[in-house]
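Data file: target_21.cif. Format and content: mmCIF, C-alpha atoms.
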```cif
data_work
#
loop_
_atom_site.group_PDB
_atom_site.id
_atom_site.type_symbol
_atom_site.label_atom_id
_atom_site.label_comp_id
_atom_site.auth_asym_id
_atom_site.auth_seq_id
_atom_site.Cartn_x
_atom_site.Cartn_y
_atom_site.Cartn_z
ATOM 1 C CA MET R 1 -50.333 -90.780 -29.329
ATOM 2 C CA ASN R 2 -48.303 -93.706 -30.420
ATOM 3 C CA SER R 3 -49.594 -94.095 -33.930
ATOM 4 C CA GLN R 4 -46.212 -94.200 -35.674
ATOM 5 C CA SER R 5 -44.934 -97.126 -33.779
ATOM 6 C CA SER R 6 -42.182 -99.280 -35.164
ATOM 7 C CA GLY R 7 -41.251 -102.276 -33.121
ATOM 8 C CA GLU R 8 -41.214 -101.145 -29.530
ATOM 9 C CA ARG R 9 -40.160 -97.540 -29.928
ATOM 10 C CA LYS R 10 -42.234 -94.668 -31.233
ATOM 11 C CA LEU R 11 -40.669 -92.778 -34.110
ATOM 12 C CA GLN R 12 -41.685 -89.300 -33.053
ATOM 13 C CA CYS R 13 -40.779 -87.669 -29.780
ATOM 14 C CA SER R 14 -43.582 -85.540 -28.386
ATOM 15 C CA ASP R 15 -41.295 -83.172 -26.513
ATOM 16 C CA VAL R 16 -37.815 -83.100 -28.025
ATOM 17 C CA THR R 17 -36.726 -80.011 -26.112
ATOM 18 C CA LYS R 18 -37.536 -81.367 -22.677
ATOM 19 C CA CYS R 19 -36.327 -84.886 -23.365
ATOM 20 C CA PHE R 20 -33.027 -83.922 -24.960
ATOM 21 C CA GLU R 21 -32.294 -81.414 -22.236
ATOM 22 C CA LEU R 22 -32.813 -84.131 -19.658
ATOM 23 C CA LEU R 23 -30.688 -86.649 -21.559
ATOM 24 C CA GLU R 24 -27.874 -84.163 -21.946
ATOM 25 C CA SER R 25 -27.816 -83.149 -18.302
ATOM 26 C CA ILE R 26 -27.713 -86.788 -17.286
ATOM 27 C CA LEU R 27 -24.800 -87.413 -19.654
ATOM 28 C CA ASP R 28 -23.065 -84.387 -18.135
ATOM 29 C CA GLY R 29 -23.488 -85.879 -14.687
ATOM 30 C CA ASP R 30 -25.931 -83.187 -13.625
ATOM 31 C CA MET R 31 -28.322 -85.779 -12.340
ATOM 32 C CA THR R 32 -31.707 -84.944 -10.951
ATOM 33 C CA GLN R 33 -33.367 -87.298 -8.512
ATOM 34 C CA GLY R 34 -35.153 -90.012 -10.423
ATOM 35 C CA GLY R 35 -33.773 -88.633 -13.678
ATOM 36 C CA LYS R 36 -32.104 -91.873 -14.598
ATOM 37 C CA GLU R 37 -35.301 -93.899 -14.386
ATOM 38 C CA ILE R 38 -37.166 -91.402 -16.534
ATOM 39 C CA MET R 39 -34.310 -91.593 -19.008
ATOM 40 C CA ASN R 40 -34.260 -95.380 -19.197
ATOM 41 C CA ASP R 41 -37.980 -95.318 -19.779
ATOM 42 C CA LYS R 42 -37.578 -92.836 -22.630
ATOM 43 C CA LEU R 43 -34.734 -94.756 -24.208
ATOM 44 C CA ALA R 44 -36.843 -97.869 -24.230
ATOM 45 C CA LYS R 45 -39.872 -96.204 -25.732
ATOM 46 C CA CYS R 46 -38.725 -93.415 -28.006
ATOM 47 C CA GLN R 47 -36.471 -93.817 -31.062
ATOM 48 C CA PRO R 48 -35.421 -90.131 -31.400
ATOM 49 C CA CYS R 49 -34.450 -90.056 -27.702
ATOM 50 C CA PHE R 50 -32.584 -93.335 -28.115
ATOM 51 C CA GLU R 51 -30.627 -92.077 -31.119
ATOM 52 C CA HIS R 52 -29.939 -88.677 -29.595
ATOM 53 C CA TYR R 53 -28.655 -90.246 -26.399
ATOM 54 C CA HIS R 54 -26.259 -92.517 -28.238
ATOM 55 C CA LEU R 55 -25.004 -89.749 -30.503
ATOM 56 C CA GLU R 56 -24.388 -87.413 -27.560
ATOM 57 C CA GLN R 57 -22.712 -90.198 -25.637
ATOM 58 C CA ALA R 58 -20.466 -91.054 -28.612
ATOM 59 C CA ILE R 59 -19.422 -87.411 -28.986
ATOM 60 C CA ARG R 60 -18.516 -87.115 -25.316
ATOM 61 C CA GLU R 61 -16.629 -90.379 -25.514
ATOM 62 C CA VAL R 62 -14.509 -89.452 -28.544
ATOM 63 C CA LEU R 63 -13.772 -86.014 -27.112
ATOM 64 C CA LYS R 64 -12.597 -87.573 -23.882
ATOM 65 C CA THR R 65 -10.497 -90.271 -25.528
ATOM 66 C CA LYS R 66 -9.114 -88.328 -28.487
ATOM 67 C CA CYS R 67 -8.580 -84.791 -27.239
ATOM 68 C CA THR R 68 -6.822 -85.267 -23.923
ATOM 69 C CA LYS R 69 -3.541 -86.797 -24.983
ATOM 70 C CA GLN R 70 -1.557 -83.619 -25.506
ATOM 71 C CA ALA R 71 1.986 -84.531 -24.482
ATOM 72 C CA VAL R 72 3.206 -82.256 -21.713
ATOM 73 C CA PRO R 73 6.738 -80.967 -22.408
ATOM 74 C CA SER R 74 9.038 -82.899 -20.108
ATOM 75 C CA GLU R 75 10.842 -79.836 -18.809
ATOM 76 C CA LEU R 76 7.679 -78.028 -17.701
ATOM 77 C CA SER R 77 7.363 -79.513 -14.192
ATOM 78 C CA ASP R 78 11.032 -78.917 -13.428
ATOM 79 C CA SER R 79 10.898 -75.416 -14.741
ATOM 80 C CA ILE R 80 7.883 -74.650 -12.534
ATOM 81 C CA ARG R 81 9.569 -76.128 -9.456
ATOM 82 C CA GLN R 82 12.692 -74.102 -10.160
ATOM 83 C CA LYS R 83 10.744 -70.867 -10.423
ATOM 84 C CA ILE R 84 8.928 -71.694 -7.181
ATOM 85 C CA GLN R 85 12.265 -72.234 -5.429
ATOM 86 C CA GLY R 86 13.176 -68.758 -6.574
ATOM 87 C CA ILE R 87 10.221 -67.105 -4.851
ATOM 88 C CA LYS R 88 10.214 -69.169 -1.657
ATOM 89 C CA MET W 1 -25.626 -53.062 22.964
ATOM 90 C CA PRO W 2 -23.518 -56.158 22.353
ATOM 91 C CA ARG W 3 -23.065 -58.319 25.393
ATOM 92 C CA TYR W 4 -19.520 -59.258 24.531
ATOM 93 C CA ASN W 5 -16.931 -56.630 24.825
ATOM 94 C CA LEU W 6 -14.462 -56.918 21.996
ATOM 95 C CA SER W 7 -12.817 -53.776 20.871
ATOM 96 C CA GLN W 8 -13.255 -53.087 17.206
ATOM 97 C CA SER W 9 -9.579 -53.355 16.456
ATOM 98 C CA LEU W 10 -9.379 -56.756 18.096
ATOM 99 C CA LEU W 11 -12.412 -57.913 16.139
ATOM 100 C CA LEU W 12 -10.892 -56.764 12.866
ATOM 101 C CA LYS W 13 -7.678 -58.513 13.747
ATOM 102 C CA LEU W 14 -9.509 -61.771 14.414
ATOM 103 C CA MET W 15 -11.461 -61.492 11.189
ATOM 104 C CA SER W 16 -8.392 -60.933 9.100
ATOM 105 C CA GLU W 17 -6.721 -63.898 10.745
ATOM 106 C CA VAL W 18 -9.630 -66.079 9.759
ATOM 107 C CA GLN W 19 -9.502 -64.853 6.201
ATOM 108 C CA ARG W 20 -5.777 -64.886 5.830
ATOM 109 C CA ARG W 21 -4.889 -68.331 6.960
ATOM 110 C CA LYS W 22 -1.206 -68.968 6.877
ATOM 111 C CA TYR W 23 0.270 -72.224 5.768
ATOM 112 C CA SER W 24 3.717 -73.189 6.986
ATOM 113 C CA GLN W 25 6.388 -73.746 4.372
ATOM 114 C CA GLU W 26 5.951 -77.475 4.782
ATOM 115 C CA GLU W 27 2.187 -77.265 4.357
ATOM 116 C CA LYS W 28 2.638 -75.154 1.250
ATOM 117 C CA ASN W 29 4.922 -77.772 -0.254
ATOM 118 C CA THR W 30 2.502 -80.553 0.604
ATOM 119 C CA ILE W 31 -0.415 -78.728 -1.010
ATOM 120 C CA PHE W 32 1.593 -77.732 -4.051
ATOM 121 C CA ASP W 33 3.006 -81.190 -4.701
ATOM 122 C CA GLY W 34 0.008 -83.189 -3.552
ATOM 123 C CA GLU W 35 -2.917 -81.126 -4.783
ATOM 124 C CA PHE W 36 -1.653 -78.796 -7.519
ATOM 125 C CA MET W 37 1.028 -80.598 -9.510
ATOM 126 C CA PRO W 38 -1.023 -83.749 -10.232
ATOM 127 C CA HIS W 39 -3.224 -81.626 -12.523
ATOM 128 C CA ILE W 40 -0.420 -80.514 -14.800
ATOM 129 C CA ASP W 41 -1.509 -82.736 -17.723
ATOM 130 C CA SER W 42 -5.038 -81.359 -17.711
ATOM 131 C CA MET W 43 -3.750 -77.822 -17.271
ATOM 132 C CA TYR W 44 -1.384 -78.134 -20.204
ATOM 133 C CA ASN W 45 -4.042 -79.678 -22.418
ATOM 134 C CA PHE W 46 -6.413 -76.815 -21.568
ATOM 135 C CA ALA W 47 -3.706 -74.193 -22.151
ATOM 136 C CA TYR W 48 -2.722 -75.748 -25.468
ATOM 137 C CA ARG W 49 -6.293 -75.838 -26.703
ATOM 138 C CA LEU W 50 -6.718 -72.205 -25.765
ATOM 139 C CA THR W 51 -3.504 -70.909 -27.315
ATOM 140 C CA PHE W 52 -2.702 -73.509 -30.040
ATOM 141 C CA ASP W 53 0.960 -72.823 -29.370
ATOM 142 C CA GLU W 54 3.346 -74.953 -27.362
ATOM 143 C CA ASP W 55 5.384 -72.066 -25.957
ATOM 144 C CA ASP W 56 2.340 -69.992 -25.082
ATOM 145 C CA ALA W 57 0.783 -73.021 -23.421
ATOM 146 C CA LYS W 58 3.931 -73.638 -21.373
ATOM 147 C CA ASP W 59 4.082 -69.991 -20.279
ATOM 148 C CA LEU W 60 0.412 -69.991 -19.400
ATOM 149 C CA VAL W 61 0.689 -73.134 -17.273
ATOM 150 C CA GLN W 62 3.858 -71.884 -15.609
ATOM 151 C CA ASP W 63 2.298 -68.517 -14.790
ATOM 152 C CA THR W 64 -0.756 -70.266 -13.419
ATOM 153 C CA TYR W 65 1.331 -72.406 -11.067
ATOM 154 C CA LEU W 66 3.353 -69.406 -9.916
ATOM 155 C CA LYS W 67 0.154 -67.504 -9.164
ATOM 156 C CA ALA W 68 -1.274 -70.540 -7.404
ATOM 157 C CA TYR W 69 1.805 -70.682 -5.202
ATOM 158 C CA ARG W 70 1.769 -66.975 -4.510
ATOM 159 C CA PHE W 71 -1.889 -67.038 -3.488
ATOM 160 C CA ILE W 72 -1.793 -70.430 -1.840
ATOM 161 C CA ASN W 73 -3.133 -68.968 1.408
ATOM 162 C CA SER W 74 -6.442 -68.259 -0.261
ATOM 163 C CA PHE W 75 -6.771 -71.902 -1.249
ATOM 164 C CA GLU W 76 -8.538 -74.052 1.291
ATOM 165 C CA GLN W 77 -6.748 -77.356 1.635
ATOM 166 C CA GLY W 78 -8.821 -80.344 0.584
ATOM 167 C CA THR W 79 -11.221 -78.326 -1.592
ATOM 168 C CA ASN W 80 -11.348 -78.631 -5.370
ATOM 169 C CA ALA W 81 -7.809 -77.729 -6.389
ATOM 170 C CA LYS W 82 -8.366 -78.564 -10.041
ATOM 171 C CA ALA W 83 -11.289 -76.139 -10.379
ATOM 172 C CA TRP W 84 -9.303 -73.483 -8.511
ATOM 173 C CA LEU W 85 -6.320 -73.898 -10.844
ATOM 174 C CA PHE W 86 -8.470 -73.905 -13.972
ATOM 175 C CA ARG W 87 -10.074 -70.660 -12.866
ATOM 176 C CA ILE W 88 -6.672 -69.017 -12.471
ATOM 177 C CA LEU W 89 -5.545 -70.326 -15.849
ATOM 178 C CA LYS W 90 -8.668 -69.133 -17.619
ATOM 179 C CA ASN W 91 -8.366 -65.669 -16.046
ATOM 180 C CA SER W 92 -4.682 -65.427 -16.969
ATOM 181 C CA PHE W 93 -5.525 -66.382 -20.512
ATOM 182 C CA ILE W 94 -8.212 -63.716 -20.808
ATOM 183 C CA ASN W 95 -6.194 -60.997 -19.112
ATOM 184 C CA GLU W 96 -2.804 -61.590 -20.656
ATOM 185 C CA TYR W 97 -2.514 -64.139 -23.406
ATOM 186 C CA ARG W 98 -5.449 -63.128 -25.476
ATOM 187 C CA LYS W 99 -3.855 -59.720 -25.864
ATOM 188 C CA LYS W 100 -0.297 -60.712 -26.654
ATOM 189 C CA SER W 101 -0.971 -63.989 -28.425
ATOM 190 C CA LYS W 102 1.126 -64.515 -31.534
ATOM 191 C CA GLN W 103 -1.892 -65.742 -33.357
ATOM 192 C CA PRO W 104 -4.582 -63.270 -34.279
ATOM 193 C CA ILE W 105 -7.784 -64.084 -32.482
ATOM 194 C CA LYS W 106 -10.005 -65.983 -34.786
ATOM 195 C CA VAL W 107 -13.541 -64.788 -34.393
ATOM 196 C CA ASP W 108 -16.288 -66.540 -36.199
ATOM 197 C CA TYR W 109 -18.792 -63.728 -36.395
ATOM 198 C CA GLN W 110 -21.605 -65.963 -37.354
ATOM 199 C CA GLU W 111 -21.105 -68.026 -34.247
ATOM 200 C CA VAL W 112 -20.841 -64.969 -32.066
ATOM 201 C CA GLU W 113 -23.905 -63.415 -33.596
ATOM 202 C CA THR W 114 -26.000 -66.525 -33.258
ATOM 203 C CA TYR W 115 -24.803 -66.853 -29.729
ATOM 204 C CA TYR W 116 -25.516 -63.351 -28.514
ATOM 205 C CA ASN W 117 -28.734 -62.789 -30.365
ATOM 206 C CA SER W 118 -30.650 -65.779 -29.224
ATOM 207 C CA ASP W 119 -31.715 -66.747 -25.761
ATOM 208 C CA ASP W 120 -33.643 -69.846 -26.554
ATOM 209 C CA VAL W 121 -31.896 -73.144 -26.832
ATOM 210 C CA ASP W 122 -32.686 -75.162 -29.850
ATOM 211 C CA TYR W 123 -33.031 -78.893 -29.390
ATOM 212 C CA GLN W 124 -33.379 -80.929 -32.577
ATOM 213 C CA SER W 125 -32.899 -84.479 -33.608
ATOM 214 C CA THR W 126 -29.985 -84.907 -35.932
ATOM 215 C CA THR W 127 -30.799 -87.943 -37.969
ATOM 216 C CA ASP W 128 -28.014 -87.174 -40.450
ATOM 217 C CA LEU W 129 -25.259 -87.675 -37.896
ATOM 218 C CA ARG W 130 -25.035 -91.085 -36.313
ATOM 219 C CA ALA W 131 -23.227 -92.318 -33.248
ATOM 220 C CA GLU W 132 -21.442 -94.974 -35.346
ATOM 221 C CA SER W 133 -19.888 -92.458 -37.726
ATOM 222 C CA VAL W 134 -18.725 -90.308 -34.818
ATOM 223 C CA LYS W 135 -17.032 -93.332 -33.260
ATOM 224 C CA ASP W 136 -15.252 -94.058 -36.556
ATOM 225 C CA MET W 137 -13.751 -90.598 -36.846
ATOM 226 C CA LEU W 138 -10.041 -90.019 -36.521
ATOM 227 C CA GLY W 139 -8.578 -88.257 -33.529
ATOM 228 C CA ASP W 140 -7.447 -85.411 -35.783
ATOM 229 C CA GLU W 141 -10.930 -84.831 -37.087
ATOM 230 C CA ILE W 142 -12.424 -84.674 -33.617
ATOM 231 C CA SER W 143 -9.598 -82.470 -32.431
ATOM 232 C CA ASN W 144 -9.874 -80.101 -35.420
ATOM 233 C CA ALA W 145 -13.618 -79.821 -34.974
ATOM 234 C CA LEU W 146 -13.124 -78.844 -31.346
ATOM 235 C CA ASN W 147 -10.326 -76.415 -32.167
ATOM 236 C CA SER W 148 -12.409 -74.693 -34.823
ATOM 237 C CA LEU W 149 -14.978 -73.489 -32.287
ATOM 238 C CA ALA W 150 -14.840 -69.937 -30.928
ATOM 239 C CA VAL W 151 -12.955 -69.842 -27.632
ATOM 240 C CA ASP W 152 -16.006 -69.499 -25.341
ATOM 241 C CA PHE W 153 -17.635 -72.540 -26.889
ATOM 242 C CA ARG W 154 -14.406 -74.517 -26.985
ATOM 243 C CA THR W 155 -13.821 -73.767 -23.322
ATOM 244 C CA VAL W 156 -17.123 -75.189 -22.048
ATOM 245 C CA ILE W 157 -16.632 -78.383 -24.024
ATOM 246 C CA ILE W 158 -13.108 -78.800 -22.682
ATOM 247 C CA LEU W 159 -14.263 -78.225 -19.121
ATOM 248 C CA CYS W 160 -17.266 -80.505 -19.369
ATOM 249 C CA ASP W 161 -16.348 -83.318 -21.718
ATOM 250 C CA LEU W 162 -12.572 -83.500 -21.486
ATOM 251 C CA GLU W 163 -12.189 -82.637 -17.821
ATOM 252 C CA GLY W 164 -15.490 -83.741 -16.362
ATOM 253 C CA PHE W 165 -16.323 -80.602 -14.380
ATOM 254 C CA THR W 166 -19.914 -80.271 -13.163
ATOM 255 C CA TYR W 167 -22.152 -77.386 -14.270
ATOM 256 C CA GLU W 168 -21.648 -75.827 -10.846
ATOM 257 C CA GLU W 169 -17.858 -76.034 -11.059
ATOM 258 C CA MET W 170 -17.917 -74.600 -14.580
ATOM 259 C CA ALA W 171 -20.059 -71.705 -13.385
ATOM 260 C CA LYS W 172 -17.399 -70.900 -10.776
ATOM 261 C CA ILE W 173 -14.469 -71.317 -13.130
ATOM 262 C CA LEU W 174 -16.055 -69.087 -15.781
ATOM 263 C CA ASP W 175 -17.862 -66.645 -13.461
ATOM 264 C CA ILE W 176 -21.176 -67.138 -15.221
ATOM 265 C CA PRO W 177 -24.572 -68.426 -13.993
ATOM 266 C CA ILE W 178 -25.359 -72.143 -14.293
ATOM 267 C CA GLY W 179 -28.135 -71.414 -16.784
ATOM 268 C CA THR W 180 -25.580 -69.770 -19.058
ATOM 269 C CA VAL W 181 -23.243 -72.746 -18.683
ATOM 270 C CA ARG W 182 -26.041 -75.030 -19.763
ATOM 271 C CA SER W 183 -27.102 -73.017 -22.812
ATOM 272 C CA ARG W 184 -23.542 -72.217 -23.898
ATOM 273 C CA LEU W 185 -22.658 -75.882 -23.677
ATOM 274 C CA HIS W 186 -25.663 -76.854 -25.705
ATOM 275 C CA ARG W 187 -24.833 -74.321 -28.435
ATOM 276 C CA ALA W 188 -21.229 -75.438 -28.416
ATOM 277 C CA ARG W 189 -22.287 -79.037 -28.949
ATOM 278 C CA ASN W 190 -24.586 -78.036 -31.802
ATOM 279 C CA LEU W 191 -21.730 -76.211 -33.516
ATOM 280 C CA LEU W 192 -19.466 -79.176 -32.941
ATOM 281 C CA LYS W 193 -22.063 -81.490 -34.441
ATOM 282 C CA ASP W 194 -22.220 -79.268 -37.526
ATOM 283 C CA LYS W 195 -18.479 -79.709 -38.003
ATOM 284 C CA LEU W 196 -18.631 -83.449 -37.377
ATOM 285 C CA ARG W 197 -21.490 -83.762 -39.812
ATOM 286 C CA GLY W 198 -19.268 -82.170 -42.447
ATOM 287 C CA TYR W 199 -16.524 -84.721 -41.745
ATOM 288 C CA ALA W 200 -19.014 -87.574 -41.749
ATOM 289 C CA GLN W 201 -20.280 -86.558 -45.168
ATOM 290 C CA ASN W 202 -16.748 -86.538 -46.532
ATOM 291 C CA MET W 203 -15.872 -89.829 -44.982
ATOM 292 C CA GLY W 204 -15.043 -92.653 -47.337
ATOM 293 C CA TYR W 205 -13.628 -90.574 -50.144
ATOM 294 C CA ASN W 206 -10.921 -87.985 -50.586
ATOM 295 C CA THR W 207 -9.678 -88.550 -47.042
ATOM 296 C CA GLU W 208 -6.123 -89.372 -48.070
ATOM 297 C CA GLY W 209 -5.854 -86.390 -50.367
ATOM 298 C CA GLU W 210 -6.968 -84.101 -47.568
ATOM 299 C CA GLU W 211 -4.478 -85.525 -45.151
ATOM 300 C CA GLU W 212 -1.598 -85.049 -47.546
ATOM 301 C CA GLU W 213 -2.649 -81.530 -48.235
ATOM 302 C CA ALA W 214 -2.774 -80.764 -44.541
ATOM 303 C CA GLU W 215 0.906 -81.600 -44.146
ATOM 304 C CA PHE W 216 2.077 -78.850 -46.444
#
```

Could you render the structure as structure tokens?
Amino acid sequence: MNSQSSGERKLQCSDVTKCFELLESILDGDMTQGGKEIMNDKLAKCQPCFEHYHLEQAIREVLKTKCTKQAVPSELSDSIRQKIQGIK
Amino acid sequence: MPRYNLSQSLLLKLMSEVQRRKYSQEEKNTIFDGEFMPHIDSMYNFAYRLTFDEDDAKDLVQDTYLKAYRFINSFEQGTNAKAWLFRILKNSFINEYRKKSKQPIKVDYQEVETYYNSDDVDYQSTTDLRAESVKDMLGDEISNALNSLAVDFRTVIILCDLEGFTYEEMAKILDIPIGTVRSRLHRARNLLKDKLRGYAQNMGYNTEGEEEEAEF
């Protein structure tokens, strides 16, 4: 099973589909019971899972930090409140 | 025979009172200021990434808040206001803005085709894109990669990664089953990775030239 071992992690993942799906749902916060332990185990033992996890995590991180800073036009809140006053 | 003896009209009246809860003016203001307005940054960011136009985004957010106020009685205080508002915004966008948008709708047919013609989700290792290179990318590159995705794919990434909605909340906002949320999100991420891979390969050379070009 673990013939292509390098250091502590195996270089081939035996079930990429299942593993990556699990890793991605955990990153998305869609946690299944015990999912985190299974994940930590995989990350420790499997190089493709380890790399995939860190890539997916990095992507989520940069999206969150670099795509949410759109400056809201200062007049927008006031303009909304004014319109609301009009329909009260 | 029912043991209780409510006339049908009385029953209907009671039911409609349950459904149509009425907030007082003060309660409405509290909900609007306390639960709706704090989400204006997220709402504007979402609107801007849907429309790519400042004025359209402003109109879309404003319309959403006006609708939210008008239908405030159907909002249950203390429930997820952000998801409720996002759902209104997304529906307004589909029903109104997509039609009258100044920009022609950019459809990437290859993306659409791949998306509608395959049910299976393809998980692969991507050894040619590394976490380190993603972290080194500029905000503009990340942002452009996201913006280049077809709107359905862009939307799930915004909801999940930028706004942190759960699969269940996304299913409600988008009116699609959770399984579809999951597979659409996965495809969206694969497409995004393709774009990022392209940037990563170009990294290190010609970056300045490209930036200058982009300004004209």

Check your understanding: Counting all atoms listed in the file, which of R:Lys10, R:Lys88, R:Lys64, R:Arg81 gets nearest to chain W?
Key -> R:Lys64

Check your understanding: Taking the file as shown, what set of residues would the PyMOL selection byres ((chain W) within 6 of (chain R)) give back, as a list in words?
Key -> Asn45, Gln62, Tyr123, Arg130, Ala131, Gly139, Ser143, Asp161 and Leu162 of chain W

Point to revise | Atomic distance atom CA of W:Ala47 - atom CA of W:Lys28, expressed in Å with one decimal | key: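 Atom CA of W:Lys28 lies 24.3 Å from atom CA of W:Ala47.
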
Point to revise | Interatomic distance, atom CA of W:Gly164 to atom CA of R:Ile26 (Å, one decimal) | key: 12.6 Å

Exercise for review: For each of W:Tyr48, W:Phe93, W:Tyr167, W:Tyr65, take the minimum atom-to-atom distance to W:Thr180, counting only C-alpha atoms, then give the residue where this is smallest.
Suggested key: W:Tyr167

**Study point:** Atomic distance atom CA of W:Lys172 - atom CA of W:Ile94, expressed in Å with one decimal
**Key:** 15.4 Å

If I wrap all listed atoms of stretch 30-34 of chain W in a box with edges along x, y and z and add 6 Å on each side, what are its centre and edge lengths in Å to one decimal, as JSON?
```
{"center_x": 1.3, "center_y": -80.5, "center_z": -2.0, "size_x": 15.4, "size_y": 17.5, "size_z": 17.3}
```

Exercise for review: Find the residues near W:Val61: any atom within 12 Å, counting only C-alpha atoms, skip ones fewer than 2 places away on the same chain, and give them as a PyMOL selection string.
Suggested key: (chain R and resi 72-73+76-77+79-80) or (chain W and resi 36-37+39-48+50-51+54-59+63-68+85-93+97)

Check your understanding: So, counting only C-alpha atoms, which residue among W:Tyr69, W:Arg21, W:Asp136, W:Glu76 is closest to W:Ala200?
Key ->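 Under the stated criterion, the closest residue is W:Asp136.
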
Please fill the gaps in stretch 58-79 of chain R so it has N, CA and C atoms, and write that as an mmCIF file, in the frame of the given file.
```cif
data_model
loop_
_atom_site.group_PDB
_atom_site.id
_atom_site.type_symbol
_atom_site.label_atom_id
_atom_site.label_comp_id
_atom_site.auth_asym_id
_atom_site.auth_seq_id
_atom_site.Cartn_x
_atom_site.Cartn_y
_atom_site.Cartn_z
ATOM 1 N N ALA R 58 -21.622 -90.775 -27.753
ATOM 2 C CA ALA R 58 -20.466 -91.054 -28.612
ATOM 3 C C ALA R 58 -19.579 -89.814 -28.731
ATOM 4 N N ILE R 59 -20.200 -88.648 -28.863
ATOM 5 C CA ILE R 59 -19.422 -87.411 -28.986
ATOM 6 C C ILE R 59 -18.599 -87.158 -27.724
ATOM 7 N N ARG R 60 -19.243 -87.313 -26.575
ATOM 8 C CA ARG R 60 -18.516 -87.115 -25.316
ATOM 9 C C ARG R 60 -17.358 -88.105 -25.198
ATOM 10 N N GLU R 61 -17.633 -89.318 -25.608
ATOM 11 C CA GLU R 61 -16.629 -90.379 -25.514
ATOM 12 C C GLU R 61 -15.407 -90.080 -26.391
ATOM 13 N N VAL R 62 -15.657 -89.714 -27.660
ATOM 14 C CA VAL R 62 -14.509 -89.452 -28.544
ATOM 15 C C VAL R 62 -13.746 -88.204 -28.100
ATOM 16 N N LEU R 63 -14.460 -87.208 -27.604
ATOM 17 C CA LEU R 63 -13.772 -86.014 -27.112
ATOM 18 C C LEU R 63 -12.835 -86.400 -25.972
ATOM 19 N N LYS R 64 -13.368 -87.191 -25.068
ATOM 20 C CA LYS R 64 -12.597 -87.573 -23.882
ATOM 21 C C LYS R 64 -11.392 -88.434 -24.262
ATOM 22 N N THR R 65 -11.593 -89.361 -25.215
ATOM 23 C CA THR R 65 -10.497 -90.271 -25.528
ATOM 24 C C THR R 65 -9.515 -89.688 -26.539
ATOM 25 N N LYS R 66 -9.988 -88.784 -27.402
ATOM 26 C CA LYS R 66 -9.114 -88.328 -28.487
ATOM 27 C C LYS R 66 -8.565 -86.911 -28.333
ATOM 28 N N CYS R 67 -9.043 -86.184 -27.368
ATOM 29 C CA CYS R 67 -8.580 -84.791 -27.239
ATOM 30 C C CYS R 67 -7.854 -84.504 -25.930
ATOM 31 N N THR R 68 -7.470 -85.540 -25.210
ATOM 32 C CA THR R 68 -6.822 -85.267 -23.923
ATOM 33 C C THR R 68 -5.394 -85.796 -23.863
ATOM 34 N N LYS R 69 -4.859 -86.156 -25.020
ATOM 35 C CA LYS R 69 -3.541 -86.797 -24.983
ATOM 36 C C LYS R 69 -2.405 -85.849 -25.370
ATOM 37 N N GLN R 70 -2.601 -84.578 -25.176
ATOM 38 C CA GLN R 70 -1.557 -83.619 -25.506
ATOM 39 C C GLN R 70 -0.342 -83.888 -24.627
ATOM 40 N N ALA R 71 0.795 -84.205 -25.264
ATOM 41 C CA ALA R 71 1.986 -84.531 -24.482
ATOM 42 C C ALA R 71 2.526 -83.287 -23.786
ATOM 43 N N VAL R 72 2.683 -83.390 -22.482
ATOM 44 C CA VAL R 72 3.206 -82.256 -21.713
ATOM 45 C C VAL R 72 4.723 -82.208 -21.884
ATOM 46 N N PRO R 73 5.279 -81.061 -22.258
ATOM 47 C CA PRO R 73 6.738 -80.967 -22.408
ATOM 48 C C PRO R 73 7.427 -81.407 -21.114
ATOM 49 N N SER R 74 8.435 -82.257 -21.282
ATOM 50 C CA SER R 74 9.038 -82.899 -20.108
ATOM 51 C C SER R 74 9.665 -81.893 -19.140
ATOM 52 N N GLU R 75 10.129 -80.771 -19.684
ATOM 53 C CA GLU R 75 10.842 -79.836 -18.809
ATOM 54 C C GLU R 75 9.903 -78.921 -18.006
ATOM 55 N N LEU R 76 8.599 -78.997 -18.303
ATOM 56 C CA LEU R 76 7.679 -78.028 -17.701
ATOM 57 C C LEU R 76 7.610 -78.120 -16.170
ATOM 58 N N SER R 77 7.447 -79.351 -15.648
ATOM 59 C CA SER R 77 7.363 -79.513 -14.192
ATOM 60 C C SER R 77 8.615 -78.985 -13.503
ATOM 61 N N ASP R 78 9.765 -79.358 -14.034
ATOM 62 C CA ASP R 78 11.032 -78.917 -13.428
ATOM 63 C C ASP R 78 11.162 -77.411 -13.458
ATOM 64 N N SER R 79 10.782 -76.857 -14.601
ATOM 65 C CA SER R 79 10.898 -75.416 -14.741
ATOM 66 C C SER R 79 9.974 -74.691 -13.746
#
```
